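**Q** Next comes input16.cif, mmCIF, C-alpha atoms:
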data_target
loop_
_atom_site.label_atom_id
_atom_site.label_comp_id
_atom_site.auth_asym_id
_atom_site.auth_seq_id
_atom_site.Cartn_x
_atom_site.Cartn_y
_atom_site.Cartn_z
CA MET A 365 10.62 -22.74 25.81
CA ASP A 366 14.38 -22.55 25.92
CA VAL A 367 15.25 -22.06 22.24
CA LEU A 368 12.97 -19.04 21.97
CA LYS A 369 14.02 -17.54 25.31
CA GLN A 370 17.66 -17.90 24.35
CA ARG A 371 16.99 -16.15 21.06
CA ILE A 372 15.15 -13.28 22.76
CA ARG A 373 18.07 -12.85 25.15
CA GLN A 374 20.54 -12.90 22.28
CA ASP A 375 18.74 -10.90 19.57
CA GLY A 376 15.78 -9.11 21.19
CA LYS A 377 16.19 -5.37 21.62
CA TYR A 378 14.16 -3.09 23.84
CA LEU A 379 13.52 0.13 21.91
CA GLY A 380 11.66 2.04 24.63
CA ASN A 381 7.94 2.87 24.79
CA GLY A 382 7.09 -0.78 25.40
CA ILE A 383 8.40 -1.83 21.98
CA LEU A 384 10.39 -5.06 21.72
CA LYS A 385 12.33 -5.55 18.51
CA VAL A 386 12.42 -9.20 17.46
CA ASP A 387 12.54 -8.69 13.71
CA ASN A 388 15.76 -10.66 13.47
CA PHE A 389 13.85 -13.94 13.93
CA ILE A 390 10.07 -13.27 13.96
CA ASN A 391 8.79 -10.05 12.36
CA HIS A 392 10.95 -9.39 9.31
CA GLN A 393 13.54 -12.12 9.16
CA VAL A 394 12.28 -15.56 10.21
CA ASP A 395 14.39 -18.46 11.38
CA PRO A 396 12.49 -21.47 9.97
CA LYS A 397 14.10 -24.07 12.26
CA MET A 398 13.35 -22.05 15.37
CA MET A 399 9.80 -21.39 14.18
CA ASP A 400 9.36 -25.09 13.53
CA ALA A 401 10.49 -25.87 17.09
CA CYS A 402 7.88 -23.38 18.34
CA GLY A 403 5.21 -25.03 16.20
CA LYS A 404 6.14 -28.40 17.64
CA GLU A 405 5.86 -27.01 21.17
CA PHE A 406 2.41 -25.53 20.40
CA ALA A 407 1.38 -28.94 19.09
CA ARG A 408 2.49 -30.55 22.34
CA LEU A 409 0.74 -27.96 24.50
CA PHE A 410 -2.53 -28.13 22.55
CA ALA A 411 -2.51 -31.83 21.66
CA ASN A 412 -5.65 -32.51 23.67
CA VAL A 413 -7.93 -29.54 22.96
CA GLY A 414 -9.54 -31.17 19.92
CA ALA A 415 -8.86 -28.25 17.57
CA THR A 416 -10.12 -28.55 13.99
CA ARG A 417 -8.58 -25.34 12.67
CA ILE A 418 -5.95 -22.75 13.51
CA LEU A 419 -6.78 -19.06 13.28
CA THR A 420 -4.20 -16.28 13.23
CA ALA A 421 -3.83 -12.72 11.96
CA GLU A 422 -1.63 -11.56 9.12
CA ILE A 423 1.24 -10.77 9.04
CA SER A 424 3.46 -11.96 11.83
CA GLY A 425 1.10 -14.68 13.04
CA ILE A 426 1.44 -16.63 9.80
CA ALA A 427 4.82 -18.27 10.45
CA PRO A 428 4.09 -19.67 13.96
CA ALA A 429 0.54 -20.67 12.96
CA LEU A 430 1.79 -22.48 9.85
CA MET A 431 4.34 -24.47 11.81
CA ALA A 432 1.79 -25.31 14.53
CA GLY A 433 -0.62 -26.36 11.78
CA TRP A 434 2.02 -28.60 10.25
CA HIS A 435 2.61 -30.41 13.54
CA LEU A 436 -1.09 -30.66 14.43
CA ASN A 437 -2.07 -31.45 10.83
CA LEU A 438 -4.69 -28.70 10.79
CA PRO A 439 -5.61 -26.07 8.21
CA VAL A 440 -4.50 -22.54 9.07
CA VAL A 441 -6.66 -19.49 8.39
CA TYR A 442 -5.11 -16.05 8.60
CA ALA A 443 -7.42 -13.11 9.13
CA ARG A 444 -6.78 -10.46 6.47
CA LYS A 445 -6.39 -6.78 7.28
CA SER A 446 -7.97 -5.68 4.03
CA LYS A 447 -10.56 -7.50 1.96
CA PRO A 448 -9.05 -8.99 -1.20
CA VAL A 449 -11.07 -9.16 -4.41
CA THR A 450 -11.17 -12.95 -4.10
CA MET A 451 -13.26 -12.82 -0.92
CA PRO A 452 -17.03 -13.11 -1.09
CA ASP A 453 -19.12 -9.95 -0.64
CA THR A 454 -20.18 -10.86 2.87
CA VAL A 455 -17.51 -11.57 5.44
CA TYR A 456 -16.83 -11.52 9.16
CA LEU A 457 -15.09 -8.29 10.10
CA THR A 458 -14.05 -6.87 13.43
CA VAL A 459 -11.81 -3.98 14.43
CA ALA A 460 -9.07 -4.06 17.02
CA PRO A 461 -6.63 -1.42 18.24
CA SER A 462 -3.07 -2.15 17.11
CA HIS A 463 -0.53 -1.67 19.84
CA THR A 464 2.40 -1.13 17.50
CA LYS A 465 0.55 0.79 14.79
CA GLY A 466 -1.31 3.20 17.05
CA HIS A 467 -4.64 2.95 15.20
CA MET A 468 -7.51 0.52 14.67
CA VAL A 469 -6.97 -2.34 12.24
CA GLU A 470 -9.59 -4.50 10.60
CA LEU A 471 -9.52 -8.28 10.89
CA ILE A 472 -11.48 -10.07 8.19
CA VAL A 473 -12.32 -13.74 7.72
CA SER A 474 -14.33 -15.33 4.97
CA PRO A 475 -17.28 -17.50 6.09
CA GLU A 476 -15.90 -20.07 3.63
CA TYR A 477 -13.12 -20.99 6.04
CA LEU A 478 -14.67 -20.56 9.45
CA SER A 479 -18.00 -22.09 10.19
CA ARG A 480 -20.36 -23.30 12.86
CA GLY A 481 -19.05 -26.15 14.96
CA GLU A 482 -15.35 -25.60 14.32
CA ARG A 483 -12.99 -25.88 17.28
CA VAL A 484 -10.52 -23.06 16.81
CA LEU A 485 -6.98 -22.79 18.16
CA ILE A 486 -5.70 -19.20 17.98
CA ILE A 487 -1.95 -18.77 17.43
CA ASP A 488 -0.20 -15.41 17.21
CA ASP A 489 3.24 -13.91 17.66
CA PHE A 490 2.54 -11.64 20.66
CA LEU A 491 0.24 -11.55 23.64
CA ALA A 492 0.43 -7.97 24.88
CA SER A 493 -2.87 -6.23 25.69
CA GLY A 494 -4.75 -9.11 24.07
CA SER A 495 -6.70 -6.83 21.74
CA THR A 496 -5.78 -8.60 18.48
CA ILE A 497 -6.45 -11.99 20.00
CA LEU A 498 -9.80 -10.84 21.37
CA GLY A 499 -10.58 -9.66 17.83
CA LEU A 500 -9.85 -13.15 16.53
CA VAL A 501 -12.05 -14.59 19.29
CA ARG A 502 -14.93 -12.33 18.16
CA LEU A 503 -14.47 -13.47 14.55
CA ALA A 504 -14.58 -17.12 15.62
CA GLN A 505 -17.66 -16.52 17.75
CA ALA A 506 -19.37 -14.61 14.93
CA ALA A 507 -18.88 -17.71 12.78
CA GLY A 508 -20.39 -19.95 15.45
CA SER A 509 -17.04 -21.58 16.16
CA GLU A 510 -15.70 -22.35 19.59
CA VAL A 511 -12.25 -21.13 20.60
CA VAL A 512 -10.51 -23.97 22.44
CA GLY A 513 -7.04 -22.58 23.05
CA ILE A 514 -4.74 -19.61 22.58
CA GLY A 515 -1.00 -19.85 21.98
CA THR A 516 1.52 -17.07 21.45
CA LEU A 517 5.26 -16.96 20.99
CA ILE A 518 5.94 -14.06 23.35
CA GLU A 519 3.83 -12.70 26.17
CA LYS A 520 4.46 -9.35 27.81
CA SER A 521 2.94 -10.23 31.14
CA PHE A 522 2.80 -6.60 32.30
CA GLU A 523 0.38 -5.49 29.57
CA GLY A 524 -2.64 -7.35 30.90
CA GLY A 525 -3.43 -9.64 27.98
CA ARG A 526 -3.71 -12.78 30.06
CA GLN A 527 -6.22 -11.13 32.39
CA ALA A 528 -8.19 -9.86 29.37
CA LEU A 529 -8.50 -13.46 28.12
CA ALA A 530 -9.27 -15.05 31.50
CA HIS A 531 -13.07 -14.90 31.07
CA LEU A 532 -12.78 -17.30 28.13
CA ASN A 533 -11.75 -20.04 30.52
CA ILE A 534 -9.59 -21.88 27.98
CA PRO A 535 -5.88 -22.81 27.96
CA VAL A 536 -3.58 -19.87 27.15
CA HIS A 537 0.09 -20.72 26.59
CA SER A 538 3.01 -18.47 25.69
CA LEU A 539 6.38 -19.94 24.80
CA ALA A 540 8.29 -17.07 26.41
CA VAL A 541 7.02 -14.61 29.01
CA ILE A 542 8.63 -11.22 29.43
CA THR A 543 7.97 -9.83 32.89
CA ARG A 544 9.80 -6.53 32.50
CA MET A 545 11.68 -4.56 29.86
CA ASP A 546 13.65 -1.42 30.46
CA GLU A 547 16.99 0.15 29.68
CA THR A 548 18.67 -2.44 31.92
CA GLY A 549 17.44 -5.38 29.88
CA ILE A 550 14.69 -7.81 28.93
CA TYR A 551 13.58 -9.99 31.84
CA LEU A 552 12.11 -13.40 31.07
CA GLU A 553 10.12 -15.71 33.32
CA GLU A 554 12.18 -18.85 34.03
CA MET B 1109 4.33 -30.42 -9.21
CA ASP B 1110 1.41 -32.78 -9.00
CA VAL B 1111 0.07 -32.07 -5.51
CA LEU B 1112 -0.26 -28.37 -6.25
CA LYS B 1113 -1.68 -28.86 -9.74
CA GLN B 1114 -4.27 -31.26 -8.37
CA ARG B 1115 -5.22 -28.74 -5.71
CA ILE B 1116 -5.58 -25.95 -8.26
CA ARG B 1117 -7.81 -28.17 -10.38
CA GLN B 1118 -9.91 -29.10 -7.35
CA ASP B 1119 -10.15 -25.81 -5.44
CA GLY B 1120 -8.97 -23.02 -7.75
CA LYS B 1121 -11.68 -20.74 -9.08
CA TYR B 1122 -11.47 -18.37 -11.99
CA LEU B 1123 -13.31 -15.18 -11.04
CA GLY B 1124 -12.94 -13.29 -14.32
CA ASN B 1125 -10.67 -10.29 -15.07
CA GLY B 1126 -7.57 -12.47 -14.78
CA ILE B 1127 -8.20 -13.20 -11.11
CA LEU B 1128 -7.58 -16.73 -9.83
CA LYS B 1129 -9.01 -17.53 -6.42
CA VAL B 1130 -6.76 -19.90 -4.46
CA ASP B 1131 -7.56 -18.66 -0.99
CA ASN B 1132 -8.67 -22.11 0.06
CA PHE B 1133 -5.06 -23.29 0.28
CA ILE B 1134 -2.69 -20.35 -0.29
CA ASN B 1135 -4.01 -16.81 0.28
CA HIS B 1136 -6.35 -16.98 3.25
CA GLN B 1137 -6.49 -20.57 4.36
CA VAL B 1138 -3.20 -22.46 4.11
CA ASP B 1139 -2.73 -26.21 3.93
CA PRO B 1140 0.52 -26.70 5.88
CA LYS B 1141 1.26 -30.19 4.51
CA MET B 1142 0.81 -29.06 0.91
CA MET B 1143 2.89 -25.95 1.54
CA ASP B 1144 5.60 -28.12 3.07
CA ALA B 1145 5.62 -30.32 -0.04
CA CYS B 1146 6.04 -27.16 -2.13
CA GLY B 1147 8.91 -26.02 0.11
CA LYS B 1148 10.57 -29.38 -0.35
CA GLU B 1149 10.23 -29.11 -4.12
CA PHE B 1150 11.74 -25.60 -4.10
CA ALA B 1151 14.64 -27.00 -2.06
CA ARG B 1152 15.17 -29.70 -4.67
CA LEU B 1153 14.98 -27.27 -7.59
CA PHE B 1154 17.35 -24.74 -5.99
CA ALA B 1155 19.69 -27.14 -4.20
CA ASN B 1156 22.68 -26.05 -6.26
CA VAL B 1157 22.36 -22.26 -6.56
CA GLY B 1158 24.32 -21.60 -3.37
CA ALA B 1159 21.66 -19.35 -1.80
CA THR B 1160 22.44 -17.83 1.59
CA ARG B 1161 19.05 -16.23 2.20
CA ILE B 1162 15.46 -16.35 0.98
CA LEU B 1163 13.62 -13.14 0.18
CA THR B 1164 9.86 -12.88 -0.23
CA ALA B 1165 7.10 -10.27 0.10
CA GLU B 1166 4.46 -10.19 2.77
CA ILE B 1167 1.76 -11.49 2.91
CA SER B 1168 1.17 -14.52 0.75
CA GLY B 1169 4.83 -15.20 0.07
CA ILE B 1170 5.55 -15.97 3.71
CA ALA B 1171 4.18 -19.51 3.83
CA PRO B 1172 5.99 -20.91 0.75
CA ALA B 1173 9.19 -19.03 1.62
CA LEU B 1174 9.14 -20.33 5.18
CA MET B 1175 8.75 -23.93 4.06
CA ALA B 1176 11.47 -23.54 1.43
CA GLY B 1177 13.69 -21.99 4.10
CA TRP B 1178 13.05 -24.91 6.40
CA HIS B 1179 14.13 -27.44 3.76
CA LEU B 1180 17.14 -25.38 2.62
CA ASN B 1181 18.04 -24.38 6.18
CA LEU B 1182 18.18 -20.70 5.24
CA PRO B 1183 16.86 -17.58 6.96
CA VAL B 1184 13.79 -16.03 5.35
CA VAL B 1185 13.33 -12.28 5.00
CA TYR B 1186 9.93 -10.92 4.06
CA ALA B 1187 9.76 -7.45 2.59
CA ARG B 1188 7.27 -5.33 4.53
CA LYS B 1189 4.64 -3.17 2.84
CA SER B 1190 4.79 -0.53 5.53
CA LYS B 1191 7.70 0.41 7.74
CA PRO B 1192 7.24 -0.83 11.31
CA VAL B 1193 8.56 1.20 14.25
CA THR B 1194 11.12 -1.50 14.91
CA MET B 1195 12.92 -0.83 11.60
CA PRO B 1196 15.92 1.50 11.46
CA ASP B 1197 15.43 5.00 10.01
CA THR B 1198 17.18 4.16 6.77
CA VAL B 1199 15.90 1.22 4.74
CA TYR B 1200 15.74 -0.13 1.22
CA LEU B 1201 12.40 0.77 -0.35
CA THR B 1202 11.01 0.22 -3.81
CA VAL B 1203 7.54 0.54 -5.29
CA ALA B 1204 5.80 -1.98 -7.49
CA PRO B 1205 2.36 -2.03 -9.10
CA SER B 1206 0.08 -4.60 -7.46
CA HIS B 1207 -1.84 -6.67 -9.95
CA THR B 1208 -4.63 -7.61 -7.54
CA LYS B 1209 -4.78 -4.32 -5.61
CA GLY B 1210 -4.74 -1.97 -8.60
CA HIS B 1211 -2.29 0.52 -7.09
CA MET B 1212 1.39 0.83 -6.23
CA VAL B 1213 2.65 -0.93 -3.11
CA GLU B 1214 5.86 -0.31 -1.25
CA LEU B 1215 8.33 -3.11 -0.55
CA ILE B 1216 10.70 -2.39 2.30
CA VAL B 1217 13.68 -4.32 3.61
CA SER B 1218 15.97 -3.40 6.46
CA PRO B 1219 19.71 -3.29 5.65
CA GLU B 1220 20.14 -5.38 8.82
CA TYR B 1221 18.90 -8.48 7.02
CA LEU B 1222 20.11 -8.03 3.46
CA SER B 1223 23.68 -7.09 2.80
CA ARG B 1224 26.50 -7.09 0.31
CA GLY B 1225 27.62 -10.49 -0.85
CA GLU B 1226 24.43 -12.38 0.00
CA ARG B 1227 23.14 -14.89 -2.53
CA VAL B 1228 19.39 -14.40 -2.56
CA LEU B 1229 16.71 -16.88 -3.57
CA ILE B 1230 13.37 -15.15 -4.19
CA ILE B 1231 10.24 -17.19 -3.40
CA ASP B 1232 6.69 -15.91 -3.88
CA ASP B 1233 3.18 -17.24 -4.36
CA PHE B 1234 2.53 -15.94 -7.90
CA LEU B 1235 4.47 -15.12 -11.02
CA ALA B 1236 2.10 -13.02 -13.13
CA SER B 1237 3.49 -9.82 -14.67
CA GLY B 1238 6.62 -10.20 -12.55
CA SER B 1239 6.33 -6.70 -11.08
CA THR B 1240 6.49 -7.74 -7.40
CA ILE B 1241 9.39 -10.08 -8.06
CA LEU B 1242 11.25 -7.41 -10.01
CA GLY B 1243 10.70 -5.16 -6.98
CA LEU B 1244 12.33 -7.78 -4.77
CA VAL B 1245 15.19 -8.06 -7.25
CA ARG B 1246 15.73 -4.28 -7.05
CA LEU B 1247 15.81 -4.45 -3.24
CA ALA B 1248 18.38 -7.22 -3.35
CA GLN B 1249 20.50 -5.31 -5.85
CA ALA B 1250 20.24 -2.11 -3.79
CA ALA B 1251 21.69 -4.08 -0.89
CA GLY B 1252 24.57 -5.34 -3.05
CA SER B 1253 23.22 -8.89 -2.97
CA GLU B 1254 23.07 -11.21 -5.93
CA VAL B 1255 19.78 -12.87 -6.88
CA VAL B 1256 20.55 -16.50 -7.74
CA GLY B 1257 17.09 -17.96 -8.33
CA ILE B 1258 13.37 -17.25 -8.41
CA GLY B 1259 10.68 -19.75 -7.42
CA THR B 1260 6.92 -19.29 -7.37
CA LEU B 1261 4.02 -21.57 -6.59
CA ILE B 1262 1.85 -20.58 -9.54
CA GLU B 1263 2.80 -18.94 -12.81
CA LYS B 1264 0.28 -17.40 -15.18
CA SER B 1265 2.34 -17.87 -18.31
CA PHE B 1266 0.15 -15.51 -20.36
CA GLU B 1267 0.97 -12.43 -18.25
CA GLY B 1268 4.57 -12.10 -19.35
CA GLY B 1269 6.38 -12.46 -16.04
CA ARG B 1270 8.87 -15.03 -17.28
CA GLN B 1271 9.86 -12.80 -20.19
CA ALA B 1272 10.21 -9.84 -17.80
CA LEU B 1273 12.68 -11.86 -15.71
CA ALA B 1274 14.63 -13.32 -18.64
CA HIS B 1275 17.34 -10.62 -18.63
CA LEU B 1276 18.40 -11.76 -15.14
CA ASN B 1277 19.67 -14.98 -16.66
CA ILE B 1278 19.02 -17.05 -13.51
CA PRO B 1279 16.87 -20.14 -12.90
CA VAL B 1280 13.14 -19.38 -12.64
CA HIS B 1281 10.91 -22.24 -11.51
CA SER B 1282 7.16 -22.35 -10.95
CA LEU B 1283 5.53 -25.39 -9.39
CA ALA B 1284 2.38 -25.03 -11.49
CA VAL B 1285 1.96 -23.13 -14.73
CA ILE B 1286 -1.44 -21.88 -15.85
CA THR B 1287 -1.52 -21.36 -19.58
CA ARG B 1288 -5.10 -20.13 -19.89
CA MET B 1289 -8.06 -19.31 -17.65
CA ASP B 1290 -11.55 -18.56 -18.84
CA GLU B 1291 -15.15 -19.45 -18.17
CA THR B 1292 -14.48 -22.97 -19.50
CA GLY B 1293 -11.81 -23.68 -16.89
CA ILE B 1294 -8.26 -23.35 -15.65
CA TYR B 1295 -5.68 -24.90 -18.00
CA LEU B 1296 -2.41 -26.15 -16.54
CA GLU B 1297 0.80 -27.05 -18.29
CA GLU B 1298 1.40 -30.78 -17.96
#
Written as structure tokens, how would this file's structure read?

**A**
Amino acid sequence: MDVLKQRIRQDGKYLGNGILKVDNFINHQVDPKMMDACGKEFARLFANVGATRILTAEISGIAPALMAGWHLNLPVVYARKSKPVTMPDTVYLTVAPSHTKGHMVELIVSPEYLSRGERVLIIDDFLASGSTILGLVRLAQAAGSEVVGIGTLIEKSFEGGRQALAHLNIPVHSLAVITRMDETGIYLEE
Amino acid sequence: MDVLKQRIRQDGKYLGNGILKVDNFINHQVDPKMMDACGKEFARLFANVGATRILTAEISGIAPALMAGWHLNLPVVYARKSKPVTMPDTVYLTVAPSHTKGHMVELIVSPEYLSRGERVLIIDDFLASGSTILGLVRLAQAAGSEVVGIGTLIEKSFEGGRQALAHLNIPVHSLAVITRMDETGIYLEE
């Protein structure tokens, strides 16, 4: 998707150790118009999967999921990383290793907002190793929902996430695919 | 704002101890169309304050701030509660007591996205005691920015937040004001 690729070229910074800095427009500062364009593109890509709900993970998944939800007219559920007092006693919880944090994080969803028979579209900011997204898949499956598609803003194709999701046999779309990052630059799939 | 008030009446739940559960449409599940209507209303209310940037706090502030940013065509910055590896070494950090978490939380903004001369509109989900919003105000002031308005989805008028913000002498708007909550119900200002 050209707008996003252009922005990565312009404002993305490779910090070493596999870390891409995109906090100018995704992870700390958000450009609402660009995020809306991404949501519209997700809606186009997943128009025919019959989703009834979008699932993402706080924090950085919220903006793209919200915009996709606006265009698809679907409710958005964001998995929490700690259980707020407003959640019921019994919840769905899974753990997933966080690539950028270096430790395990919890992903928690209330059974109130994910239930048997839902068709879930997962939207997140990054597809890297796929571990967070596989955590969201486990939450959906625990609830008896079916995951019908996975969309991410940026895929790092060299970290194996796409292969880790292949067994699900569902559409996986990323709006920008980075094939290589090093001190010479950030290389995007055309 | 009628859409939000109606939704609070329909789906809000008073859990006791001053806790209002709105995670059906704000804090865990988000209704994108309703949030968009709230963003549009913020844009109307703050059309003339000359804001150059929106500041909010992760996590639940992101959705309303993003929609307000879309309608006002402004970048949105969300203060982080822990410092990601992508942030520079030196940041603006303040601490604020969290009403719902019962301990102090950190609010962190990178100097890259908040600088001298900015006119900052603060948007958040709740105005209760005002402590989170005052934390955001301190961050903006530390950066040499000027806070020109404060907008929240839901105000609990009995927790003193509006009085705590009065010395700022800037417009403060809440889209729904709860004047009382108890076992008999949730009472909204007309």

**Q** Nearest to chain B: which of A:Asn388, A:Thr548, A:Thr458, A:Asn381 is it, counting only C-alpha atoms?

**A**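 Residue with the minimum atom-to-atom distance to chain B: A:Asn388.
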
**Q** Could you name the residues that touch region 1134-1144 of chain B at 7 Å or less, counting only C-alpha atoms, but leaving out those on the same chain fewer than 5 positions away, as a PyMOL selection string?

**A** (chain A and resi 430+433-434+439-442+477) or (chain B and resi 1168+1171-1172+1175)

**Q** So that I can check the surroundings of region 505-518 of chain A, please list as a list in words every protein, DNA and RNA residue that reaches within 6 Å of it, counting all atoms listed in the file and ignoring chain neighbours fewer than 5 positions away.

**A** Ser479, Arg480, Gly481, Glu482, Arg483, Val484, Leu485, Ile486, Ile487, Asp488, Asp489, Phe490, Ile534, Pro535, Val536, His537, Ser538, Leu539, Ala540 and Val541 of chain A

**Q** Care to translate the PyMOL selection byres ((chain B and resi 1167) around 9) into actual residues of this file, as a PDB file with C-alpha atoms, in the coordinates of the input?

**A**
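Result saved to result.pdb:
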ATOM      1  CA  GLU A 422      -1.630 -11.560   9.120  1.00  0.00           C
ATOM      2  CA  ILE A 423       1.240 -10.770   9.040  1.00  0.00           C
ATOM      3  CA  ILE A 426       1.440 -16.630   9.800  1.00  0.00           C
TER       4      ILE A 426
ATOM      5  CA  ASN B1135      -4.010 -16.810   0.280  1.00  0.00           C
ATOM      6  CA  THR B1164       9.860 -12.880  -0.230  1.00  0.00           C
ATOM      7  CA  ALA B1165       7.100 -10.270   0.100  1.00  0.00           C
ATOM      8  CA  GLU B1166       4.460 -10.190   2.770  1.00  0.00           C
ATOM      9  CA  SER B1168       1.170 -14.520   0.750  1.00  0.00           C
ATOM     10  CA  GLY B1169       4.830 -15.200   0.070  1.00  0.00           C
ATOM     11  CA  ILE B1170       5.550 -15.970   3.710  1.00  0.00           C
ATOM     12  CA  ALA B1171       4.180 -19.510   3.830  1.00  0.00           C
ATOM     13  CA  TYR B1186       9.930 -10.920   4.060  1.00  0.00           C
ATOM     14  CA  ALA B1187       9.760  -7.450   2.590  1.00  0.00           C
ATOM     15  CA  ARG B1188       7.270  -5.330   4.530  1.00  0.00           C
ATOM     16  CA  LYS B1189       4.640  -3.170   2.840  1.00  0.00           C
TER      17      LYS B1189
END

**Q** To one decimal place in Å, what is the distance between CA of Ala401 (chain A) and CA of His435 (chain A)?

**A**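 Separation of CA of Ala401 (chain A) and CA of His435 (chain A): 9.8 Å.
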
**Q** Using all atoms listed in the file, which of the listed residues (B:Ala1151, B:Ile1116, B:Leu1222, B:Val1213) sits closest to chain A?

**A** B:Leu1222

**Q** Using all atoms listed in the file, which of B:Ser1206, B:Leu1242, B:Leu1182, B:Asp1290 sits nearest Phe389 (chain A)?

**A** B:Leu1182

**Q** Measuring between all atoms listed in the file, which one of B:Ile1286, B:Ile1162, B:Leu1235, B:Ala1274 shows the shortest distance to chain A?

**A**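 Of the candidates, the smallest distance to chain A is held by B:Ile1162.
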
**Q** Just how far from CA of Gly1124 (chain B) is CA of Thr454 (chain A), in Å to one decimal?

**A**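 According to the coordinates, CA of Thr454 (chain A) and CA of Gly1124 (chain B) are separated by 18.8 Å.
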
**Q** Care to translate the PyMOL selection byres ((chain B and resi 1191) around 10) into actual residues of this file, as a PyMOL selection string?

**A** chain B and resi 1187-1190+1192-1197+1199+1201+1214-1218

**Q** Which value, in Å to one decimal, gives the distance between CA of Leu529 (chain A) and CA of Val501 (chain A)?

**A**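 It comes out at 9.6 Å.
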
**Q** Closest to Ala504 (chain A) among A:Glu523, A:Asn533, A:Tyr456, A:Leu368, using all atoms listed in the file?

**A**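 Ranked by minimum distance to Ala504 (chain A), first place goes to A:Tyr456.
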
**Q** Atoms are missing here; could region 375-392 of chain A be completed with N, CA and C atoms and written as an mmCIF file, in the coordinates of the input?

**A**
data_model
loop_
_atom_site.group_PDB
_atom_site.id
_atom_site.type_symbol
_atom_site.label_atom_id
_atom_site.label_comp_id
_atom_site.auth_asym_id
_atom_site.auth_seq_id
_atom_site.Cartn_x
_atom_site.Cartn_y
_atom_site.Cartn_z
ATOM 1 N N ASP A 375 19.028 -11.801 20.697
ATOM 2 C CA ASP A 375 18.740 -10.900 19.570
ATOM 3 C C ASP A 375 17.623 -9.900 19.827
ATOM 4 N N GLY A 376 16.843 -10.072 20.906
ATOM 5 C CA GLY A 376 15.780 -9.110 21.190
ATOM 6 C C GLY A 376 16.368 -7.774 21.615
ATOM 7 N N LYS A 377 15.712 -6.702 21.205
ATOM 8 C CA LYS A 377 16.190 -5.370 21.620
ATOM 9 C C LYS A 377 15.018 -4.568 22.143
ATOM 10 N N TYR A 378 15.200 -3.952 23.314
ATOM 11 C CA TYR A 378 14.160 -3.090 23.840
ATOM 12 C C TYR A 378 14.386 -1.682 23.296
ATOM 13 N N LEU A 379 13.366 -1.160 22.580
ATOM 14 C CA LEU A 379 13.520 0.130 21.910
ATOM 15 C C LEU A 379 12.912 1.282 22.696
ATOM 16 N N GLY A 380 12.370 0.996 23.884
ATOM 17 C CA GLY A 380 11.660 2.040 24.630
ATOM 18 C C GLY A 380 10.190 2.049 24.258
ATOM 19 N N ASN A 381 9.387 2.776 25.041
ATOM 20 C CA ASN A 381 7.940 2.870 24.790
ATOM 21 C C ASN A 381 7.242 1.515 24.688
ATOM 22 N N GLY A 382 7.750 0.525 25.404
ATOM 23 C CA GLY A 382 7.090 -0.780 25.400
ATOM 24 C C GLY A 382 7.310 -1.604 24.145
ATOM 25 N N ILE A 383 8.189 -1.142 23.267
ATOM 26 C CA ILE A 383 8.400 -1.830 21.980
ATOM 27 C C ILE A 383 9.595 -2.785 22.074
ATOM 28 N N LEU A 384 9.344 -4.054 21.782
ATOM 29 C CA LEU A 384 10.390 -5.060 21.720
ATOM 30 C C LEU A 384 10.691 -5.367 20.260
ATOM 31 N N LYS A 385 11.938 -5.275 19.894
ATOM 32 C CA LYS A 385 12.330 -5.550 18.510
ATOM 33 C C LYS A 385 12.781 -6.999 18.417
ATOM 34 N N VAL A 386 12.043 -7.799 17.675
ATOM 35 C CA VAL A 386 12.420 -9.200 17.460
ATOM 36 C C VAL A 386 12.393 -9.502 15.964
ATOM 37 N N ASP A 387 12.681 -8.465 15.149
ATOM 38 C CA ASP A 387 12.540 -8.690 13.710
ATOM 39 C C ASP A 387 13.727 -9.417 13.103
ATOM 40 N N ASN A 388 14.656 -9.799 13.913
ATOM 41 C CA ASN A 388 15.760 -10.660 13.470
ATOM 42 C C ASN A 388 15.307 -12.108 13.293
ATOM 43 N N PHE A 389 14.242 -12.521 14.008
ATOM 44 C CA PHE A 389 13.850 -13.940 13.930
ATOM 45 C C PHE A 389 12.337 -14.170 13.907
ATOM 46 N N ILE A 390 11.532 -13.087 14.006
ATOM 47 C CA ILE A 390 10.070 -13.270 13.960
ATOM 48 C C ILE A 390 9.389 -12.332 12.958
ATOM 49 N N ASN A 391 9.661 -11.022 13.034
ATOM 50 C CA ASN A 391 8.790 -10.050 12.360
ATOM 51 C C ASN A 391 9.275 -9.526 11.011
ATOM 52 N N HIS A 392 10.478 -9.897 10.607
ATOM 53 C CA HIS A 392 10.950 -9.390 9.310
ATOM 54 C C HIS A 392 11.853 -10.459 8.701
#
